[in-house]
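Have a look at the structure below before the remarks.
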Amino acid sequence: MPSLKDLKNRIESVKSTRKITKAMQMVAAAKLRRAQEAAEMSRPYAERFNAVMAGLAASVGGSDSAPKLLSGTGRDNVHLLVVMTAERGLCGGFNANIAKLARSKAEELRAAGKTVKILTVGKKGRDAIKRDWVDSFVGHVDLTEVKRMSYADAQGIAKDVLERFDTGEFDVATIFFSKFQNVVTQIPTAQQIIPFEVPEDYEASDTLYDYEPDEEAILADLLPRAVATAIFSGLLENGASEQGARMSAMDNATRNAGDMIEKLTIEFNRSRQAVITNELIEIISGAEAL
């Protein structure tokens with residue numbers, strides 16, 4: 001049975017931990033507002049951009065002059081998985097769920113006889129996947145010093161991916177991130193970015209458009225931007241999801257610390273009462289012996 005001193009030290013330790021988790025919860029809540037606004041504001045732009053791209057892609061169809069980013073290499077033997085996670089932990093299952101989805105996709109591709117290459121964005125994703133897929137790693141993007149995600153950060157990642165595609169390192173590229181729904185729910189998502197894939201829910205418009213210059217020239221300019229836009233949108237969704245998951249995880253940790261303090265306090269009081277009772281028994285027994 002722990003001594004009174006041990007119980008008292010443990011109670012103080014848990015109280016200190018509760019202060020930390022409460023502070024982290026409040027910080028995550030403050031960051032969540034800004035991150036959620038950024039993610040939600042980017043969605044209409046990304047959706048409209050994809051709709052325009054889908055319309056252009058549908059009009060070009062299977063043309064021989066279609067850009068390579070749209071038509072692809074004609075093969076799907078080598079797949080690049082861009083796994084985007086956080087640089088920090090203590091955010092529940094946020095990082096683990098993205099890594100789990102990426103590992104599942106990698107195993108599925110390998111079982112189908114495909115070659116898998118992995119590019120990670122965020123330290124936690126690298127740590128989670130590298131143990132089992134170290135031979136498939138081709139690069140890592142460190143965003144530790146980035147305080148607020150910008151389009152320039154996404155362009156840097158997109159440039160790396162596009163250069164690898166131009167040199168023939170892969171045929172298909174897919175990004176993995178977590179789509180923010182609310183504080184409790186973040187949905188791990190996989191989205192193909194190369195070659196460009198027309199959304200399943202896309203409905204062709206009856207309106208006819210004349211493009212100047214032609215569709216192929218416009219697509220050649222817009223497709224690299226589409227890759228950067230998809231990556232930027234994924235990073236913003238990740239930012240909101242990370243803060244939401246951290247806020248929820250720290251709230252649970254704070255509650256658990258409170259419950260533990262209550263249990264330890266009860267145990268401490270019982271132990272102290274037992275010590276007092278034993279001392280009284282000893283005093284009474286000694287008095288009776290006289």
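Simple scheme: letters A, B, ... for chains in structure tokens order, numbers from 1 for residues in each chain, numbers from 1 for ligands in the order shown.
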
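Here the residues within stretch 123-162 of chain A that DSSP labels strand (DSSP E) on the basis of the backbone are Phe137, Val138, Gly139, His140 and Val141 of chain A.
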
Using only C-alpha atoms, which protein or nucleic acid residues come within 12 Å of A:Arg110? Drop anything in the same chain fewer than 5 positions from it, and give the result as a short mmCIF file (atom, residue, chain, number, x, y, z; two decimals) with N, CA and C atoms, in the first residue's frame.
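What landed in selection19.cif:
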```
data_model
loop_
_atom_site.label_atom_id
_atom_site.label_comp_id
_atom_site.auth_asym_id
_atom_site.auth_seq_id
_atom_site.Cartn_x
_atom_site.Cartn_y
_atom_site.Cartn_z
N ASN A 77 1.95 1.62 -63.04
CA ASN A 77 2.82 0.66 -62.37
C ASN A 77 3.46 1.21 -61.10
N VAL A 78 3.77 2.50 -61.11
CA VAL A 78 4.47 3.12 -59.98
C VAL A 78 3.56 4.18 -59.36
N HIS A 79 3.31 4.04 -58.07
CA HIS A 79 2.43 4.97 -57.36
C HIS A 79 3.22 5.75 -56.31
N ARG A 103 -0.93 3.25 -45.19
CA ARG A 103 -0.37 1.89 -45.16
C ARG A 103 -1.31 0.89 -45.83
N SER A 104 -2.60 1.07 -45.59
CA SER A 104 -3.58 0.16 -46.21
C SER A 104 -3.53 0.28 -47.73
N LYS A 105 -3.44 1.50 -48.24
CA LYS A 105 -3.35 1.72 -49.68
C LYS A 105 -2.05 1.14 -50.24
N THR A 115 4.52 -0.86 -57.79
CA THR A 115 5.64 -0.30 -57.04
C THR A 115 5.15 0.92 -56.27
N VAL A 116 5.49 0.97 -54.99
CA VAL A 116 5.01 2.05 -54.12
C VAL A 116 6.19 2.92 -53.70
N LYS A 117 6.01 4.24 -53.85
CA LYS A 117 6.98 5.21 -53.35
C LYS A 117 6.23 6.16 -52.41
N TRP A 133 7.96 0.68 -44.03
CA TRP A 133 8.09 1.00 -45.45
C TRP A 133 9.35 1.81 -45.75
N SER A 136 10.59 2.10 -49.29
CA SER A 136 9.77 2.82 -50.26
C SER A 136 9.88 4.33 -50.11
#
```

Per residue of stretch 135-203 of chain A within 6 Å of stretch 82-100 of chain A, note the shortest atom pair and the distance in Å to one decimal, counting only C-alpha atoms, and order the rows by chain and increasing residue number, as JSON lines.
```
{"residue": "A:Ile175", "atom": "CA", "partner": "A:Val82", "partner_atom": "CA", "distance": 4.6}
{"residue": "A:Phe176", "atom": "CA", "partner": "A:Val83", "partner_atom": "CA", "distance": 4.9}
{"residue": "A:Phe177", "atom": "CA", "partner": "A:Met84", "partner_atom": "CA", "distance": 5.4}
{"residue": "A:Pro188", "atom": "CA", "partner": "A:Ile98", "partner_atom": "CA", "distance": 5.4}
```

With all heavy atoms kept, could you save the residues just selected as an mmCIF file, in the first residue's frame?
```cif
data_model
loop_
_atom_site.group_PDB
_atom_site.id
_atom_site.type_symbol
_atom_site.label_atom_id
_atom_site.label_comp_id
_atom_site.auth_asym_id
_atom_site.auth_seq_id
_atom_site.Cartn_x
_atom_site.Cartn_y
_atom_site.Cartn_z
ATOM 1 N N ILE A 175 -2.589 11.969 -52.611
ATOM 2 C CA ILE A 175 -2.286 12.617 -51.333
ATOM 3 C C ILE A 175 -3.213 12.065 -50.255
ATOM 4 O O ILE A 175 -4.351 11.686 -50.516
ATOM 5 C CB ILE A 175 -2.435 14.155 -51.420
ATOM 6 C CG1 ILE A 175 -3.861 14.552 -51.832
ATOM 7 C CG2 ILE A 175 -1.401 14.740 -52.363
ATOM 8 C CD1 ILE A 175 -4.112 16.055 -51.787
ATOM 9 N N PHE A 176 -2.690 12.028 -49.038
ATOM 10 C CA PHE A 176 -3.449 11.534 -47.882
ATOM 11 C C PHE A 176 -3.476 12.636 -46.819
ATOM 12 O O PHE A 176 -2.435 13.156 -46.434
ATOM 13 C CB PHE A 176 -2.798 10.270 -47.309
ATOM 14 C CG PHE A 176 -2.840 9.094 -48.246
ATOM 15 C CD1 PHE A 176 -1.889 8.955 -49.246
ATOM 16 C CD2 PHE A 176 -3.832 8.135 -48.136
ATOM 17 C CE1 PHE A 176 -1.924 7.880 -50.117
ATOM 18 C CE2 PHE A 176 -3.888 7.051 -48.998
ATOM 19 C CZ PHE A 176 -2.930 6.930 -49.997
ATOM 20 N N PHE A 177 -4.670 12.966 -46.377
ATOM 21 C CA PHE A 177 -4.845 13.990 -45.353
ATOM 22 C C PHE A 177 -6.128 13.701 -44.598
ATOM 23 O O PHE A 177 -6.822 12.714 -44.883
ATOM 24 C CB PHE A 177 -4.904 15.391 -45.988
ATOM 25 C CG PHE A 177 -6.031 15.573 -46.975
ATOM 26 C CD1 PHE A 177 -7.235 16.134 -46.589
ATOM 27 C CD2 PHE A 177 -5.892 15.165 -48.303
ATOM 28 C CE1 PHE A 177 -8.280 16.293 -47.479
ATOM 29 C CE2 PHE A 177 -6.930 15.320 -49.213
ATOM 30 C CZ PHE A 177 -8.130 15.879 -48.805
ATOM 31 N N PRO A 188 -10.095 10.680 -42.471
ATOM 32 C CA PRO A 188 -8.912 10.401 -43.300
ATOM 33 C C PRO A 188 -9.323 10.245 -44.762
ATOM 34 O O PRO A 188 -10.265 9.515 -45.072
ATOM 35 C CB PRO A 188 -8.376 9.092 -42.722
ATOM 36 C CG PRO A 188 -8.933 9.027 -41.334
ATOM 37 C CD PRO A 188 -10.279 9.684 -41.399
#
```

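Counting only C-alpha atoms, the residue from A:Val14, A:Leu280, A:Ala38, A:Leu101 that sits nearest to A:Arg148 is A:Ala38.
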
Just list the residues in stretch 26-273 of chain A DSSP gives alpha helix (DSSP H) on the backbone, as a ChimeraX atom specification.
/A:26-60,68-71,94-111,123-133,151-166,215-273

Atoms kept (C-alpha atoms) for selection, written as a short mmCIF file (atom, residue, chain, number, x, y, z; two decimals), in the first residue's frame:
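The result, stored in again_14.cif:
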```
data_model
loop_
_atom_site.label_atom_id
_atom_site.label_comp_id
_atom_site.auth_asym_id
_atom_site.auth_seq_id
_atom_site.Cartn_x
_atom_site.Cartn_y
_atom_site.Cartn_z
CA MET A 26 -7.22 26.28 -24.57
CA VAL A 27 -4.37 26.94 -27.02
CA ALA A 28 -5.79 24.35 -29.46
CA ALA A 29 -9.24 25.94 -29.17
CA ALA A 30 -7.80 29.36 -30.03
CA LYS A 31 -5.84 27.97 -33.00
CA LEU A 32 -8.82 25.92 -34.16
CA ARG A 33 -10.94 28.99 -34.93
CA ARG A 34 -8.35 30.39 -37.32
CA ALA A 35 -7.53 27.00 -38.87
CA GLN A 36 -11.22 26.12 -39.33
CA GLU A 37 -11.93 29.45 -41.01
CA ALA A 38 -8.99 28.94 -43.40
CA ALA A 39 -10.12 25.41 -44.30
CA GLU A 40 -13.75 26.41 -44.82
CA MET A 41 -12.83 29.48 -46.88
CA SER A 42 -10.64 27.36 -49.18
CA ARG A 43 -13.37 24.82 -49.96
CA PRO A 44 -15.52 26.96 -52.33
CA TYR A 45 -12.42 27.96 -54.30
CA ALA A 46 -11.14 24.38 -54.53
CA GLU A 47 -14.58 23.07 -55.51
CA ARG A 48 -15.06 25.73 -58.20
CA PHE A 49 -11.52 25.24 -59.47
CA ASN A 50 -12.08 21.50 -59.75
CA ALA A 51 -15.38 22.09 -61.56
CA VAL A 52 -13.64 24.27 -64.15
CA MET A 53 -10.87 21.71 -64.49
CA ALA A 54 -13.40 18.92 -64.88
CA GLY A 55 -15.20 20.83 -67.63
CA LEU A 56 -11.96 21.42 -69.50
CA ALA A 57 -10.86 17.81 -69.03
CA ALA A 58 -14.22 16.52 -70.27
CA SER A 59 -14.04 18.68 -73.40
CA VAL A 60 -10.51 17.56 -74.20
CA LYS A 68 0.47 14.55 -69.60
CA LEU A 69 -0.87 15.62 -66.20
CA LEU A 70 -4.38 14.91 -67.52
CA SER A 71 -3.86 11.87 -69.71
CA PHE A 94 -5.24 12.17 -35.99
CA ASN A 95 -1.78 11.16 -37.24
CA ALA A 96 -2.33 7.43 -36.73
CA ASN A 97 -5.53 7.39 -38.80
CA ILE A 98 -3.88 9.07 -41.80
CA ALA A 99 -0.88 6.74 -41.57
CA LYS A 100 -3.20 3.74 -41.28
CA LEU A 101 -5.06 4.73 -44.47
CA ALA A 102 -1.77 5.25 -46.32
CA ARG A 103 -0.37 1.89 -45.16
CA SER A 104 -3.58 0.16 -46.21
CA LYS A 105 -3.35 1.72 -49.68
CA ALA A 106 0.33 0.83 -49.96
CA GLU A 107 -0.33 -2.79 -49.01
CA GLU A 108 -3.20 -2.97 -51.50
CA LEU A 109 -0.99 -1.64 -54.31
CA ARG A 110 1.90 -3.95 -53.43
CA ALA A 111 -0.47 -6.93 -53.39
CA LYS A 123 7.35 14.29 -38.86
CA LYS A 124 4.64 12.14 -37.27
CA GLY A 125 3.66 10.52 -40.56
CA ARG A 126 7.28 9.74 -41.33
CA ASP A 127 7.80 8.15 -37.91
CA ALA A 128 4.62 6.08 -38.18
CA ILE A 129 5.25 4.68 -41.67
CA LYS A 130 9.02 4.49 -41.95
CA ARG A 131 9.31 1.46 -39.67
CA ASP A 132 7.53 -0.82 -42.14
CA TRP A 133 8.09 1.00 -45.45
CA TYR A 151 0.09 28.65 -50.59
CA ALA A 152 3.86 29.03 -51.07
CA ASP A 153 4.41 25.98 -48.82
CA ALA A 154 2.02 23.95 -50.96
CA GLN A 155 3.74 25.17 -54.13
CA GLY A 156 7.06 23.91 -52.81
CA ILE A 157 5.63 20.43 -52.24
CA ALA A 158 3.84 20.51 -55.61
CA LYS A 159 7.06 21.51 -57.37
CA ASP A 160 8.85 18.50 -55.87
CA VAL A 161 6.02 16.15 -56.93
CA LEU A 162 5.81 17.61 -60.47
CA GLU A 163 9.58 17.35 -60.97
CA ARG A 164 9.45 13.69 -59.98
CA PHE A 165 6.59 13.15 -62.45
CA ASP A 166 8.43 14.92 -65.27
CA GLU A 215 -8.42 23.85 -73.94
CA GLU A 216 -5.09 22.04 -74.15
CA ALA A 217 -3.11 25.26 -73.65
CA ILE A 218 -5.27 26.31 -70.71
CA LEU A 219 -4.99 22.88 -69.10
CA ALA A 220 -1.22 22.89 -69.52
CA ASP A 221 -1.13 26.05 -67.39
CA LEU A 222 -3.86 25.13 -64.90
CA LEU A 223 -2.98 21.50 -64.17
CA PRO A 224 0.21 22.30 -62.18
CA ARG A 225 -1.85 24.83 -60.23
CA ALA A 226 -4.47 22.15 -59.63
CA VAL A 227 -1.81 19.95 -57.99
CA ALA A 228 -0.68 22.83 -55.75
CA THR A 229 -4.30 23.75 -54.95
CA ALA A 230 -5.16 20.18 -53.95
CA ILE A 231 -2.08 19.98 -51.71
CA PHE A 232 -2.81 23.39 -50.15
CA SER A 233 -6.43 22.42 -49.51
CA GLY A 234 -5.26 19.18 -47.89
CA LEU A 235 -2.78 21.05 -45.68
CA LEU A 236 -5.49 23.47 -44.52
CA GLU A 237 -7.88 20.61 -43.79
CA ASN A 238 -5.08 18.92 -41.86
CA GLY A 239 -4.42 22.07 -39.86
CA ALA A 240 -8.04 22.33 -38.72
CA SER A 241 -8.28 18.58 -38.09
CA GLU A 242 -5.08 18.57 -36.02
CA GLN A 243 -6.26 21.37 -33.73
CA GLY A 244 -9.73 19.84 -33.40
CA ALA A 245 -8.27 16.45 -32.54
CA ARG A 246 -5.79 18.00 -30.08
CA MET A 247 -8.55 20.03 -28.41
CA SER A 248 -10.67 16.91 -28.00
CA ALA A 249 -7.75 14.78 -26.79
CA MET A 250 -6.61 17.37 -24.23
CA ASP A 251 -10.18 17.81 -22.99
CA ASN A 252 -10.40 14.06 -22.40
CA ALA A 253 -6.98 14.07 -20.73
CA THR A 254 -8.04 16.92 -18.43
CA ARG A 255 -11.21 15.09 -17.45
CA ASN A 256 -9.29 11.87 -16.81
CA ALA A 257 -6.76 13.74 -14.67
CA GLY A 258 -9.64 15.18 -12.62
CA ASP A 259 -11.10 11.72 -12.09
CA MET A 260 -7.70 10.37 -11.09
CA ILE A 261 -7.20 13.21 -8.60
CA GLU A 262 -10.57 12.42 -7.01
CA LYS A 263 -9.71 8.73 -6.67
CA LEU A 264 -6.25 9.45 -5.28
CA THR A 265 -7.68 11.98 -2.83
CA ILE A 266 -10.17 9.41 -1.55
CA GLU A 267 -7.38 6.86 -1.21
CA PHE A 268 -5.20 9.43 0.57
CA ASN A 269 -7.97 10.31 3.02
CA ARG A 270 -8.67 6.65 3.74
CA SER A 271 -4.98 5.94 4.33
CA ARG A 272 -4.65 8.96 6.58
CA GLN A 273 -7.74 7.90 8.54
#
```

Counting only C-alpha atoms, which of A:Leu81, A:Ala23, A:Met149, A:Ile193 gets nearest to A:Thr120?
A:Leu81

Can you list, as an MDAnalysis selection string, every protein, DNA or RNA residue that comes within 8 Å of A:Gln192 when you count only C-alpha atoms, leaving out same-chain residues fewer than 6 positions away?
chainID A and resid 172:175

Generate a file of the selected residues that holds C-alpha atoms, formatted as a tab-separated table (two decimals), in the first residue's frame.
```tsv
chain	number	residue	atom	x	y	z
A	172	VAL	CA	0.06	8.02	-60.31
A	173	ALA	CA	0.22	10.34	-57.29
A	174	THR	CA	-2.22	10.31	-54.35
A	175	ILE	CA	-2.29	12.62	-51.33
```
